[in-house]
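Undergrad: So here's data_30.csv (CSV, C-alpha atoms and all ligand atoms).
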```csv
chain,number,residue,atom,x,y,z
A,12,MET,CA,52.3,58.1,-52.2
A,13,SER,CA,52.5,61.8,-51.6
A,14,THR,CA,55.7,63.4,-50.4
A,15,LEU,CA,55.6,64.8,-46.9
A,16,THR,CA,57.8,67.7,-46.1
A,17,GLN,CA,58.2,69.3,-42.7
A,18,LEU,CA,57.9,73.1,-42.9
A,19,PRO,CA,59.5,75.4,-40.4
A,20,HIS,CA,57.3,76.7,-37.6
A,21,ALA,CA,55.3,79.8,-38.6
A,22,SER,CA,55.5,81.2,-35.1
A,23,PRO,CA,56.4,79.9,-31.7
A,24,GLY,CA,53.8,77.5,-30.3
A,25,GLN,CA,52.2,76.8,-33.6
A,26,ALA,CA,52.0,73.3,-34.8
A,27,PRO,CA,54.4,72.2,-37.6
A,28,VAL,CA,52.5,72.1,-40.9
A,29,GLN,CA,53.2,69.3,-43.2
A,30,SER,CA,52.8,69.7,-46.9
A,31,VAL,CA,51.4,67.3,-49.5
A,32,ASN,CA,53.0,67.6,-52.9
A,33,GLY,CA,53.9,71.2,-52.0
A,34,ALA,CA,50.6,72.4,-50.6
A,35,ALA,CA,50.3,72.8,-46.8
A,36,VAL,CA,47.5,70.7,-45.3
A,37,LYS,CA,45.1,72.4,-42.8
A,38,LEU,CA,42.9,69.5,-42.1
A,39,ARG,CA,43.5,65.8,-42.5
A,40,VAL,CA,40.6,63.3,-42.1
A,41,GLU,CA,41.7,59.7,-41.8
A,42,GLY,CA,39.4,56.7,-42.0
A,43,LEU,CA,36.6,58.7,-40.5
A,44,GLY,CA,33.4,56.7,-39.9
A,45,LYS,CA,30.2,57.5,-38.2
A,46,ARG,CA,27.5,54.9,-37.4
A,47,TYR,CA,24.0,55.8,-36.2
A,48,GLY,CA,22.3,52.6,-35.0
A,49,ASN,CA,22.7,50.4,-38.1
A,50,ILE,CA,23.1,53.3,-40.5
A,51,ASP,CA,26.6,54.3,-41.7
A,52,ALA,CA,26.3,58.0,-42.1
A,53,LEU,CA,30.0,58.1,-43.1
A,54,HIS,CA,32.1,55.2,-44.4
A,55,ALA,CA,35.8,55.5,-43.4
A,56,LEU,CA,36.5,58.8,-45.2
A,57,ASP,CA,39.9,60.1,-46.1
A,58,LEU,CA,40.2,63.8,-47.0
A,59,GLN,CA,42.8,66.4,-47.0
A,60,VAL,CA,41.9,70.1,-47.0
A,61,ARG,CA,44.7,72.4,-48.1
A,62,SER,CA,45.6,75.5,-46.2
A,63,GLY,CA,43.7,78.6,-47.5
A,64,GLU,CA,41.4,76.7,-49.9
A,65,LEU,CA,37.7,76.9,-50.1
A,66,LEU,CA,36.4,73.3,-50.4
A,67,THR,CA,32.7,72.6,-50.8
A,68,LEU,CA,31.1,69.4,-49.7
A,69,LEU,CA,28.4,68.8,-52.3
A,70,GLY,CA,25.9,66.0,-52.2
A,71,ALA,CA,22.2,65.0,-52.0
A,72,SER,CA,20.3,65.1,-48.8
A,73,GLY,CA,21.4,62.5,-46.4
A,74,SER,CA,24.9,62.0,-48.1
A,75,GLY,CA,26.7,62.8,-44.8
A,76,LYS,CA,27.8,66.5,-45.3
A,77,THR,CA,26.5,67.8,-42.0
A,78,THR,CA,27.8,64.8,-40.1
A,79,LEU,CA,31.3,65.3,-41.4
A,80,LEU,CA,31.2,69.0,-40.5
A,81,GLN,CA,29.9,68.2,-37.0
A,82,ILE,CA,32.7,65.8,-36.4
A,83,ILE,CA,35.3,68.3,-37.6
A,84,SER,CA,33.9,70.9,-35.4
A,85,GLY,CA,33.8,68.6,-32.4
A,86,LEU,CA,30.1,68.6,-31.8
A,87,VAL,CA,29.8,64.9,-32.7
A,88,ALA,CA,32.3,62.1,-31.9
A,89,PRO,CA,33.3,59.8,-34.8
A,90,THR,CA,32.8,56.0,-34.5
A,91,SER,CA,36.2,55.4,-36.1
A,92,GLY,CA,39.1,57.3,-37.6
A,93,ARG,CA,40.8,60.6,-36.7
A,94,ILE,CA,41.0,64.3,-37.4
A,95,LEU,CA,44.2,66.3,-37.6
A,96,ILE,CA,44.2,70.0,-37.7
A,97,ASP,CA,47.6,71.6,-38.4
A,98,ASP,CA,49.0,68.1,-38.0
A,99,ARG,CA,47.7,67.8,-34.4
A,100,ASP,CA,45.3,65.0,-33.5
A,101,GLN,CA,42.1,66.8,-32.5
A,102,THR,CA,39.8,63.8,-32.6
A,103,HIS,CA,39.0,64.0,-28.9
A,104,ALA,CA,39.6,67.7,-28.3
A,105,PRO,CA,36.5,69.6,-27.1
A,106,ALA,CA,34.8,71.9,-29.6
A,107,HIS,CA,35.9,75.1,-27.9
A,108,GLN,CA,39.5,74.2,-28.0
A,109,ARG,CA,39.6,73.8,-31.8
A,110,ASP,CA,40.4,77.0,-33.7
A,111,ILE,CA,37.3,76.7,-35.8
A,112,GLY,CA,34.6,79.1,-36.8
A,113,VAL,CA,31.1,77.8,-37.6
A,114,VAL,CA,28.2,79.3,-39.6
A,115,PHE,CA,25.1,77.3,-39.9
A,116,GLN,CA,22.0,77.5,-42.0
A,117,ASN,CA,19.9,79.2,-39.4
A,118,TYR,CA,22.6,80.6,-37.3
A,119,ALA,CA,20.7,81.8,-34.3
A,120,LEU,CA,21.6,85.4,-33.4
A,121,PHE,CA,20.9,86.5,-29.8
A,122,PRO,CA,17.6,88.3,-30.2
A,123,HIS,CA,18.1,90.6,-27.2
A,124,LEU,CA,21.6,91.7,-28.3
A,125,THR,CA,22.3,94.4,-30.9
A,126,VAL,CA,24.2,93.6,-34.2
A,127,ALA,CA,27.4,94.9,-32.6
A,128,GLN,CA,26.9,92.9,-29.5
A,129,ASN,CA,26.2,89.8,-31.4
A,130,VAL,CA,29.3,90.2,-33.5
A,131,GLY,CA,31.5,91.0,-30.5
A,132,PHE,CA,30.1,88.1,-28.4
A,133,ALA,CA,33.1,85.8,-29.1
A,134,LEU,CA,35.5,88.6,-28.2
A,135,ASP,CA,33.9,89.1,-24.7
A,136,MET,CA,34.7,85.5,-24.0
A,137,ARG,CA,38.3,85.9,-25.2
A,138,ALA,CA,39.1,88.9,-22.9
A,139,VAL,CA,39.9,91.4,-25.6
A,140,SER,CA,40.1,95.0,-24.5
A,141,ARG,CA,37.1,97.3,-25.0
A,142,ASN,CA,38.8,99.5,-27.6
A,143,GLU,CA,40.2,96.6,-29.5
A,144,ALA,CA,36.8,94.9,-29.5
A,145,GLN,CA,35.2,98.1,-30.9
A,146,ARG,CA,37.8,98.3,-33.6
A,147,ARG,CA,37.3,94.7,-34.6
A,148,ILE,CA,33.5,94.9,-34.5
A,149,SER,CA,33.6,97.9,-36.9
A,150,GLU,CA,36.1,96.2,-39.1
A,151,ALA,CA,34.0,93.0,-39.3
A,152,LEU,CA,30.7,94.9,-40.0
A,153,THR,CA,32.4,97.0,-42.7
A,154,MET,CA,33.7,93.8,-44.2
A,155,VAL,CA,30.1,92.4,-44.6
A,156,GLY,CA,28.6,95.8,-45.6
A,157,LEU,CA,26.6,96.5,-42.4
A,158,ASP,CA,28.4,99.7,-41.4
A,159,SER,CA,25.3,101.6,-40.4
A,160,MET,CA,23.6,98.8,-38.5
A,161,HIS,CA,25.6,98.4,-35.2
A,162,GLN,CA,22.7,99.3,-33.0
A,163,ARG,CA,19.9,97.3,-34.7
A,164,PHE,CA,18.4,94.2,-33.3
A,165,PRO,CA,18.2,91.0,-35.3
A,166,ARG,CA,14.4,91.3,-35.7
A,167,GLU,CA,15.0,94.6,-37.5
A,168,LEU,CA,17.2,92.9,-40.2
A,169,SER,CA,16.3,91.0,-43.4
A,170,GLY,CA,17.3,87.4,-43.7
A,171,GLY,CA,20.4,88.3,-45.8
A,172,GLN,CA,21.5,90.9,-43.3
A,173,GLN,CA,21.1,88.5,-40.4
A,174,GLN,CA,23.2,86.0,-42.4
A,175,ARG,CA,25.9,88.7,-42.8
A,176,VAL,CA,25.9,89.3,-39.1
A,177,ALA,CA,26.5,85.6,-38.7
A,178,LEU,CA,29.4,85.8,-41.1
A,179,ALA,CA,30.9,88.9,-39.3
A,180,ARG,CA,30.6,87.1,-36.0
A,181,CYS,CA,32.5,84.1,-37.4
A,182,PHE,CA,35.2,86.1,-39.2
A,183,ILE,CA,35.9,88.5,-36.3
A,184,TYR,CA,38.0,86.2,-34.3
A,185,LYS,CA,39.9,85.1,-37.4
A,186,PRO,CA,39.6,81.4,-37.0
A,187,SER,CA,42.0,79.6,-39.4
A,188,LEU,CA,39.4,77.0,-40.3
A,189,ILE,CA,35.8,78.0,-41.0
A,190,LEU,CA,32.9,75.5,-41.5
A,191,MET,CA,29.7,76.7,-43.2
A,192,ASP,CA,26.7,74.4,-43.4
A,193,GLU,CA,24.3,75.7,-46.1
A,194,PRO,CA,24.6,79.2,-44.8
A,195,LEU,CA,22.8,80.7,-47.9
A,196,SER,CA,20.0,78.2,-48.5
A,197,ALA,CA,17.3,80.3,-46.8
A,198,LEU,CA,18.0,83.3,-49.1
A,199,ASP,CA,16.5,84.1,-52.4
A,200,ARG,CA,18.5,83.4,-55.5
A,201,LYS,CA,19.7,87.0,-56.2
A,202,LEU,CA,20.8,87.5,-52.6
A,203,ARG,CA,22.4,84.1,-52.5
A,204,GLU,CA,24.5,85.0,-55.5
A,205,THR,CA,25.5,88.3,-53.9
A,206,MET,CA,26.5,86.5,-50.7
A,207,GLN,CA,28.5,83.9,-52.6
A,208,MET,CA,30.6,86.8,-54.0
A,209,GLU,CA,30.9,88.2,-50.4
A,210,ILE,CA,32.1,84.9,-49.1
A,211,LYS,CA,34.6,84.6,-51.9
A,212,ARG,CA,35.9,88.1,-51.2
A,213,LEU,CA,36.1,87.4,-47.4
A,214,HIS,CA,37.9,84.2,-48.2
A,215,ARG,CA,40.4,86.0,-50.4
A,216,GLU,CA,41.0,88.8,-47.9
A,217,THR,CA,41.4,86.7,-44.8
A,218,GLY,CA,43.2,83.7,-46.3
A,219,SER,CA,41.2,81.4,-44.1
A,220,THR,CA,40.5,77.8,-45.0
A,221,ILE,CA,36.8,77.2,-45.6
A,222,ILE,CA,34.7,74.1,-45.8
A,223,PHE,CA,31.4,75.0,-47.3
A,224,VAL,CA,28.4,72.6,-47.4
A,225,THR,CA,25.8,72.9,-50.1
A,226,HIS,CA,23.5,70.6,-52.1
A,227,ASP,CA,23.4,73.3,-54.9
A,228,GLN,CA,25.7,72.4,-57.7
A,229,ASP,CA,25.7,75.9,-59.2
A,230,GLU,CA,26.8,77.3,-55.8
A,231,ALA,CA,29.6,74.7,-55.6
A,232,LEU,CA,30.8,75.5,-59.1
A,233,ALA,CA,30.8,79.2,-58.4
A,234,LEU,CA,32.5,79.2,-55.0
A,235,SER,CA,35.0,76.4,-54.8
A,236,ASP,CA,38.7,75.9,-55.3
A,237,ARG,CA,37.8,72.2,-55.1
A,238,ILE,CA,34.6,70.3,-54.8
A,239,CYS,CA,34.3,67.2,-52.7
A,240,MET,CA,31.3,65.2,-54.0
A,241,MET,CA,29.6,63.0,-51.4
A,242,HIS,CA,27.2,60.1,-52.1
A,243,ASN,CA,25.7,57.8,-49.5
A,244,GLY,CA,28.4,58.6,-46.9
A,245,ARG,CA,31.3,58.2,-49.3
A,246,ILE,CA,33.5,60.6,-51.3
A,247,GLU,CA,32.9,60.0,-55.0
A,248,GLN,CA,35.4,62.6,-56.3
A,249,ILE,CA,37.4,65.6,-55.3
A,250,ASP,CA,38.5,67.9,-58.0
A,251,ASP,CA,38.4,71.6,-59.1
A,252,PRO,CA,35.1,72.7,-60.5
A,253,GLN,CA,36.1,72.5,-64.2
A,254,THR,CA,37.5,68.9,-63.9
A,255,MET,CA,34.4,67.9,-61.9
A,256,TYR,CA,32.2,69.2,-64.7
A,257,GLU,CA,34.2,68.1,-67.7
A,258,ARG,CA,35.6,64.8,-66.4
A,259,PRO,CA,33.2,63.3,-63.8
A,260,ARG,CA,34.6,60.0,-62.7
A,261,THR,CA,31.3,58.3,-61.8
A,262,LEU,CA,27.7,58.4,-63.1
A,263,ALA,CA,26.6,59.8,-59.7
A,264,VAL,CA,28.9,62.8,-60.2
A,265,ALA,CA,27.9,63.3,-63.8
A,266,ARG,CA,24.2,63.2,-62.9
A,267,PHE,CA,24.6,65.6,-59.9
A,268,ILE,CA,26.8,68.3,-61.5
A,269,GLY,CA,25.3,70.0,-64.5
A,270,ILE,CA,22.9,68.4,-66.9
A,271,SER,CA,24.0,65.1,-68.3
A,272,ASN,CA,22.6,63.1,-71.2
A,273,VAL,CA,23.0,59.5,-70.3
A,274,LEU,CA,22.9,56.6,-72.8
A,275,GLU,CA,23.1,53.3,-70.9
A,276,GLY,CA,24.2,50.1,-72.5
A,277,LYS,CA,26.7,47.3,-72.8
A,278,VAL,CA,30.1,47.5,-74.4
A,279,LEU,CA,30.4,45.5,-77.7
A,280,PRO,CA,33.6,44.5,-79.5
A,281,GLY,CA,34.6,47.3,-81.9
A,282,ASN,CA,34.3,50.1,-79.5
A,283,ARG,CA,30.5,50.4,-79.6
A,284,LEU,CA,28.0,50.7,-76.8
A,285,ASP,CA,24.7,49.0,-77.4
A,286,GLY,CA,21.5,49.7,-75.4
A,287,ALA,CA,17.9,50.7,-75.5
A,288,ASP,CA,18.8,54.0,-77.3
A,289,GLY,CA,20.7,52.3,-80.1
A,290,ASN,CA,24.2,51.4,-81.0
A,291,VAL,CA,26.7,54.3,-80.6
A,292,ALA,CA,30.5,54.7,-80.9
A,293,LEU,CA,32.6,54.9,-77.8
A,294,PRO,CA,35.3,57.7,-77.6
A,295,GLU,CA,38.9,56.7,-78.0
A,296,GLY,CA,40.7,55.6,-74.8
A,297,HIS,CA,37.3,54.9,-73.1
A,298,GLY,CA,38.9,52.2,-70.9
A,299,ALA,CA,35.9,49.9,-71.0
A,300,GLN,CA,36.0,46.1,-71.2
A,301,ALA,CA,33.8,44.1,-73.7
A,302,ASN,CA,30.5,43.2,-72.1
A,303,GLN,CA,30.9,45.8,-69.4
A,304,SER,CA,27.7,47.8,-68.5
A,305,GLY,CA,27.9,51.5,-68.3
A,306,ALA,CA,26.8,54.7,-69.9
A,307,LEU,CA,27.9,57.3,-72.4
A,308,VAL,CA,27.6,60.8,-71.0
A,309,ILE,CA,27.3,63.9,-73.2
A,310,ARG,CA,26.8,67.4,-71.9
A,311,PRO,CA,23.9,69.4,-73.6
A,312,GLU,CA,26.4,71.9,-75.1
A,313,HIS,CA,28.1,69.1,-77.0
A,314,LEU,CA,24.9,67.6,-78.5
A,315,HIS,CA,24.0,69.0,-81.9
A,316,ALA,CA,20.7,68.9,-83.8
A,317,VAL,CA,20.9,67.8,-87.4
A,318,ALA,CA,18.2,66.9,-90.0
A,319,ALA,CA,16.0,63.9,-89.3
A,320,GLU,CA,17.6,60.5,-90.4
A,321,GLN,CA,21.0,62.0,-90.0
A,322,GLY,CA,23.3,61.9,-86.9
A,323,ALA,CA,23.9,59.0,-84.5
A,324,LEU,CA,20.4,59.2,-82.8
A,325,GLN,CA,16.9,60.0,-83.9
A,326,GLY,CA,14.3,61.7,-81.7
A,327,GLN,CA,11.4,64.1,-81.4
A,328,VAL,CA,11.5,67.6,-80.0
A,329,VAL,CA,9.1,67.6,-77.0
A,330,ASP,CA,10.0,70.8,-75.2
A,331,SER,CA,11.9,74.0,-75.4
A,332,VAL,CA,12.9,76.0,-72.4
A,333,TYR,CA,14.1,79.5,-72.8
A,334,ALA,CA,16.8,80.5,-70.2
A,335,GLY,CA,18.2,83.8,-71.4
A,336,VAL,CA,21.6,83.2,-73.0
A,337,GLU,CA,20.5,79.7,-74.0
A,338,THR,CA,17.5,77.6,-74.9
A,339,ARG,CA,17.3,74.0,-73.7
A,340,VAL,CA,15.6,71.8,-76.2
A,341,VAL,CA,14.3,68.4,-74.9
A,342,VAL,CA,14.4,65.5,-77.3
A,343,ARG,CA,12.7,62.2,-76.7
A,344,LEU,CA,14.3,59.1,-78.2
A,345,ALA,CA,12.3,56.0,-79.2
A,346,SER,CA,13.3,54.4,-75.9
A,347,GLY,CA,11.6,57.2,-74.0
A,348,ASN,CA,15.0,58.5,-72.8
A,349,LEU,CA,14.9,62.4,-72.7
A,350,LEU,CA,18.0,64.2,-73.9
A,351,VAL,CA,18.8,67.9,-73.6
A,352,VAL,CA,20.4,70.0,-76.3
A,353,ARG,CA,21.7,73.4,-75.6
A,354,ARG,CA,21.0,76.0,-78.3
A,355,SER,CA,22.2,79.6,-78.3
A,356,GLY,CA,20.4,82.7,-79.6
A,357,GLY,CA,21.8,82.5,-83.1
A,358,ASP,CA,20.6,78.9,-83.7
A,359,ALA,CA,17.5,78.4,-85.8
A,360,PRO,CA,14.5,77.5,-83.5
A,361,LEU,CA,13.4,73.9,-83.4
A,362,THR,CA,9.6,73.3,-83.6
A,363,ILE,CA,8.1,71.2,-80.9
A,364,GLY,CA,6.9,67.9,-82.4
A,365,SER,CA,9.5,67.9,-85.2
A,366,ARG,CA,11.8,64.9,-85.7
A,367,ILE,CA,15.5,65.6,-85.6
A,368,GLY,CA,18.8,63.7,-85.6
A,369,LEU,CA,21.5,64.2,-82.9
A,370,GLU,CA,25.2,64.1,-83.2
A,371,TRP,CA,28.3,64.8,-81.2
A,372,LEU,CA,32.1,64.6,-81.5
A,373,ALA,CA,33.4,61.4,-80.1
A,374,GLN,CA,35.9,63.2,-77.8
A,375,HIS,CA,33.0,65.0,-76.1
A,376,ALA,CA,31.4,61.9,-74.8
A,377,ARG,CA,32.6,60.0,-71.8
A,378,PHE,CA,32.1,56.4,-70.9
A,379,LEU,CA,31.4,55.8,-67.2
A,380,PRO,CA,31.0,52.3,-65.8
A,381,ALA,CA,27.7,51.5,-64.1
B,401,LIG,N1,21.7,62.3,-34.8
B,401,LIG,C1,21.4,61.3,-35.8
B,401,LIG,N2,20.8,60.2,-35.4
B,401,LIG,C2,20.6,59.2,-36.4
B,401,LIG,N3,20.8,59.3,-37.7
B,401,LIG,C3,21.4,60.5,-38.1
B,401,LIG,C4,21.7,61.5,-37.2
B,401,LIG,N4,22.2,62.6,-37.9
B,401,LIG,C5,22.3,62.2,-39.1
B,401,LIG,N5,21.8,60.9,-39.3
B,401,LIG,C6,21.7,60.2,-40.5
B,401,LIG,O1,22.9,60.2,-41.2
B,401,LIG,C7,22.8,60.4,-42.6
B,401,LIG,C8,23.6,61.6,-43.0
B,401,LIG,O2,23.0,62.7,-42.5
B,401,LIG,P1,23.5,64.2,-42.7
B,401,LIG,O3,22.7,65.1,-41.8
B,401,LIG,O4,25.0,64.2,-42.5
B,401,LIG,O5,23.2,64.5,-44.2
B,401,LIG,P2,23.4,65.8,-45.1
B,401,LIG,O6,24.2,65.4,-46.3
B,401,LIG,O7,23.8,66.9,-44.3
B,401,LIG,O8,21.9,66.0,-45.7
B,401,LIG,P3,21.1,67.4,-45.9
B,401,LIG,O9,21.5,67.9,-47.3
B,401,LIG,O10,19.6,66.9,-45.9
B,401,LIG,O11,21.4,68.4,-44.8
B,401,LIG,C9,21.3,60.4,-42.8
B,401,LIG,O12,20.9,59.1,-43.2
B,401,LIG,C10,20.7,60.8,-41.5
B,401,LIG,O13,19.4,60.3,-41.4
B,402,MG,MG,22.9,68.8,-43.7
```
Output the file's structure in the form of structure tokens.
TA:
Amino acid sequence: MSTLTQLPHASPGQAPVQSVNGAAVKLRVEGLGKRYGNIDALHALDLQVRSGELLTLLGASGSGKTTLLQIISGLVAPTSGRILIDDRDQTHAPAHQRDIGVVFQNYALFPHLTVAQNVGFALDMRAVSRNEAQRRISEALTMVGLDSMHQRFPRELSGGQQQRVALARCFIYKPSLILMDEPLSALDRKLRETMQMEIKRLHRETGSTIIFVTHDQDEALALSDRICMMHNGRIEQIDDPQTMYERPRTLAVARFIGISNVLEGKVLPGNRLDGADGNVALPEGHGAQANQSGALVIRPEHLHAVAAEQGALQGQVVDSVYAGVETRVVVRLASGNLLVVRRSGGDAPLTIGSRIGLEWLAQHARFLPA
């Protein structure tokens, strides 16, 4: 059980903020379910988002990421469960009454309004004075690097610039919770990486809480304070990026984040795993029961090529993919299973077609139950 502590009010009229193990909670999702016909898009989710963190929802197509964001924003009603923002139950509050900013993948800008008018749109509706509005529009456009573009129309902007306008429009009224649904997926890789840095900077500078949806694991690793991995409408694991990568708790997480070499099999007495790829040692403290089915997971950087007939496994080099700082060598085992070995510039090249052995340190392999 977590310890709940009541913090003093930050300002009059603001809801009391409870803390979980010391960190204030911005959003609390309790038993949240959503059913469409006979499909459970979400299965009774529990999630706590800390104040000021950038949490990504990561998962394959159809895992429920957008559904969860839509329910938090108030666009879709849940079938069960509740949503608390700053400790107030907002499950049935209309969308416009929640202090939430939203940026979607193709955030439609108004085509007949200039950049400045698009960005200031939300302020008009909030009865902010003209001078104050001008000041905040300029500030927001400077923030996203669009200083000189106040008078342009959306059609005169590139995709990346339009997406920046959408960000400025969201940040301008300083919502304390921001939801972003794949806001960068329409951009090319280079621009996407630049925008990721922009979002990180905006997040740092504004101190807002951000929930960011992506199905791109690299994006999630680069951006997040924590990653919430979703799979078939359920949360598989929530952790910081490094823990998620180094200590995935399920095979689904190991397979989704980074490249994983997976050796499936059954646990034998004597701490061995036996399967189609052979009989290999389990790491100490693997926690598996005899006869349990599961897999040994080893990251490419922990697999080492050794001479044929040496090492724990034998295979044939079938491909070699150059990727700048590293080369990924693909090795086929007798079972047909393909493993990836990461080699750096200094390593001797491996000839395609050659037979090699593979080894790893026991502590670098993880056993995950099936
Ligand atoms: N309005 C709807 N009516 C019926 N089913 C829906 C509706 N919206 C979503 N679903 C279903 O709910 C499940 C989750 O969909 P959701 O859009 O949340 O997935 P997602 O993780 O955002 O996927 P993607 O990465 O493709 O955007 C899917 O099976 C989807 O078909
Ligand atoms: Mg989606």
Undergrad: Considering all atoms listed in the file, can you say which of A:Ile246, A:Leu372, A:Leu120, A:Val328 comes closest to ligand LIG 401 (chain B)?
TA: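 Counting all atoms listed in the file, the residue closest to ligand LIG 401 (chain B) is A:Ile246.
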Undergrad: To one decimal in Å, tell me the separation between atom CA of A:Ser72 and atom CA of A:Pro194.
TA: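 These two atoms are separated by 15.3 Å.
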Undergrad: Expressed in Å to a single decimal, how great is the separation between atom CA of A:Lys45 and atom CA of A:Ser91?
TA: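 So the answer is 6.7 Å.
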Undergrad: For the atom pair atom CA of A:Ser140 and atom CA of A:Gln173, what is the interatomic distance in Å to one decimal place?
TA: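 Straight-line distance from atom CA of A:Ser140 to atom CA of A:Gln173 works out to 25.6 Å.
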Undergrad: Show me, as a compact mmCIF listing (two decimals) with C-alpha atoms, in the frame of the given file, the residues that have an atom within 12 Å of A:His54 when counting all atoms listed in the file, minus same-chain residues fewer than 3 positions from it.
TA:
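Once written, result_3.txt looks like this:
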```txt
# COMPACT_ATOMS: atom_id res chain seq x y z
CA VAL A 40 40.60 63.30 -42.10
CA GLU A 41 41.70 59.70 -41.80
CA GLY A 42 39.40 56.70 -42.00
CA LEU A 43 36.60 58.70 -40.50
CA GLY A 44 33.40 56.70 -39.90
CA LYS A 45 30.20 57.50 -38.20
CA ARG A 46 27.50 54.90 -37.40
CA TYR A 47 24.00 55.80 -36.20
CA ILE A 50 23.10 53.30 -40.50
CA ASP A 51 26.60 54.30 -41.70
CA ASP A 57 39.90 60.10 -46.10
CA SER A 74 24.90 62.00 -48.10
CA GLY A 75 26.70 62.80 -44.80
CA THR A 78 27.80 64.80 -40.10
CA LEU A 79 31.30 65.30 -41.40
CA PRO A 89 33.30 59.80 -34.80
CA THR A 90 32.80 56.00 -34.50
CA SER A 91 36.20 55.40 -36.10
CA GLY A 92 39.10 57.30 -37.60
CA MET A 241 29.60 63.00 -51.40
CA HIS A 242 27.20 60.10 -52.10
CA ASN A 243 25.70 57.80 -49.50
CA GLY A 244 28.40 58.60 -46.90
CA ARG A 245 31.30 58.20 -49.30
CA ILE A 246 33.50 60.60 -51.30
CA GLU A 247 32.90 60.00 -55.00
```
Undergrad: For ligand LIG 401 (chain B), which residue out of A:Ala138, A:Val126, A:Met191, A:Ala177 is the nearest one, using only C-alpha atoms and all ligand atoms?
TA: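 Looking at the shortest contact to ligand LIG 401 (chain B), the residue is A:Met191.
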Undergrad: Around ligand MG 402 (chain B), which protein and nucleic acid residues have at least one atom no more than 9 Å from it, if we count only C-alpha atoms and all ligand atoms? List them as a list of chain:residue names.
TA: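 Every residue with an atom at most 9 Å from ligand MG 402 (chain B) is listed here: A:Ser72, A:Gly73, A:Ser74, A:Gly75, A:Lys76, A:Thr77, A:Thr78, A:Leu80, A:Gln116, A:Asp192, A:Glu193, A:Val224, A:Thr225, A:His226.
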Undergrad: Pull C-alpha atoms from the residues just selected and write them as an mmCIF file, in the coordinates of the input.
TA:
```cif
data_model
loop_
_atom_site.group_PDB
_atom_site.id
_atom_site.type_symbol
_atom_site.label_atom_id
_atom_site.label_comp_id
_atom_site.auth_asym_id
_atom_site.auth_seq_id
_atom_site.Cartn_x
_atom_site.Cartn_y
_atom_site.Cartn_z
ATOM 1 C CA SER A 72 20.300 65.100 -48.800
ATOM 2 C CA GLY A 73 21.400 62.500 -46.400
ATOM 3 C CA SER A 74 24.900 62.000 -48.100
ATOM 4 C CA GLY A 75 26.700 62.800 -44.800
ATOM 5 C CA LYS A 76 27.800 66.500 -45.300
ATOM 6 C CA THR A 77 26.500 67.800 -42.000
ATOM 7 C CA THR A 78 27.800 64.800 -40.100
ATOM 8 C CA LEU A 80 31.200 69.000 -40.500
ATOM 9 C CA GLN A 116 22.000 77.500 -42.000
ATOM 10 C CA ASP A 192 26.700 74.400 -43.400
ATOM 11 C CA GLU A 193 24.300 75.700 -46.100
ATOM 12 C CA VAL A 224 28.400 72.600 -47.400
ATOM 13 C CA THR A 225 25.800 72.900 -50.100
ATOM 14 C CA HIS A 226 23.500 70.600 -52.100
#
```
Undergrad: Could you give me, as a VMD selection string, the residues within 12 Å of A:Val336, counting only C-alpha atoms and dropping anything in the same chain fewer than 5 positions from it?
TA: chain A and resid 353 to 358
Undergrad: Can you write just those residues out, C-alpha atoms, as a PDB file, in the frame of the given file?
TA:
```pdb
ATOM      1  CA  ARG A 353      21.700  73.400 -75.600  1.00  0.00           C
ATOM      2  CA  ARG A 354      21.000  76.000 -78.300  1.00  0.00           C
ATOM      3  CA  SER A 355      22.200  79.600 -78.300  1.00  0.00           C
ATOM      4  CA  GLY A 356      20.400  82.700 -79.600  1.00  0.00           C
ATOM      5  CA  GLY A 357      21.800  82.500 -83.100  1.00  0.00           C
ATOM      6  CA  ASP A 358      20.600  78.900 -83.700  1.00  0.00           C
TER       7      ASP A 358
END
```
Undergrad: From the list A:Arg141, A:Leu38, A:Met154, A:Ala197, which residue is nearest A:Phe115 when using all atoms listed in the file?
TA: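 Smallest distance to A:Phe115 is found for A:Ala197.
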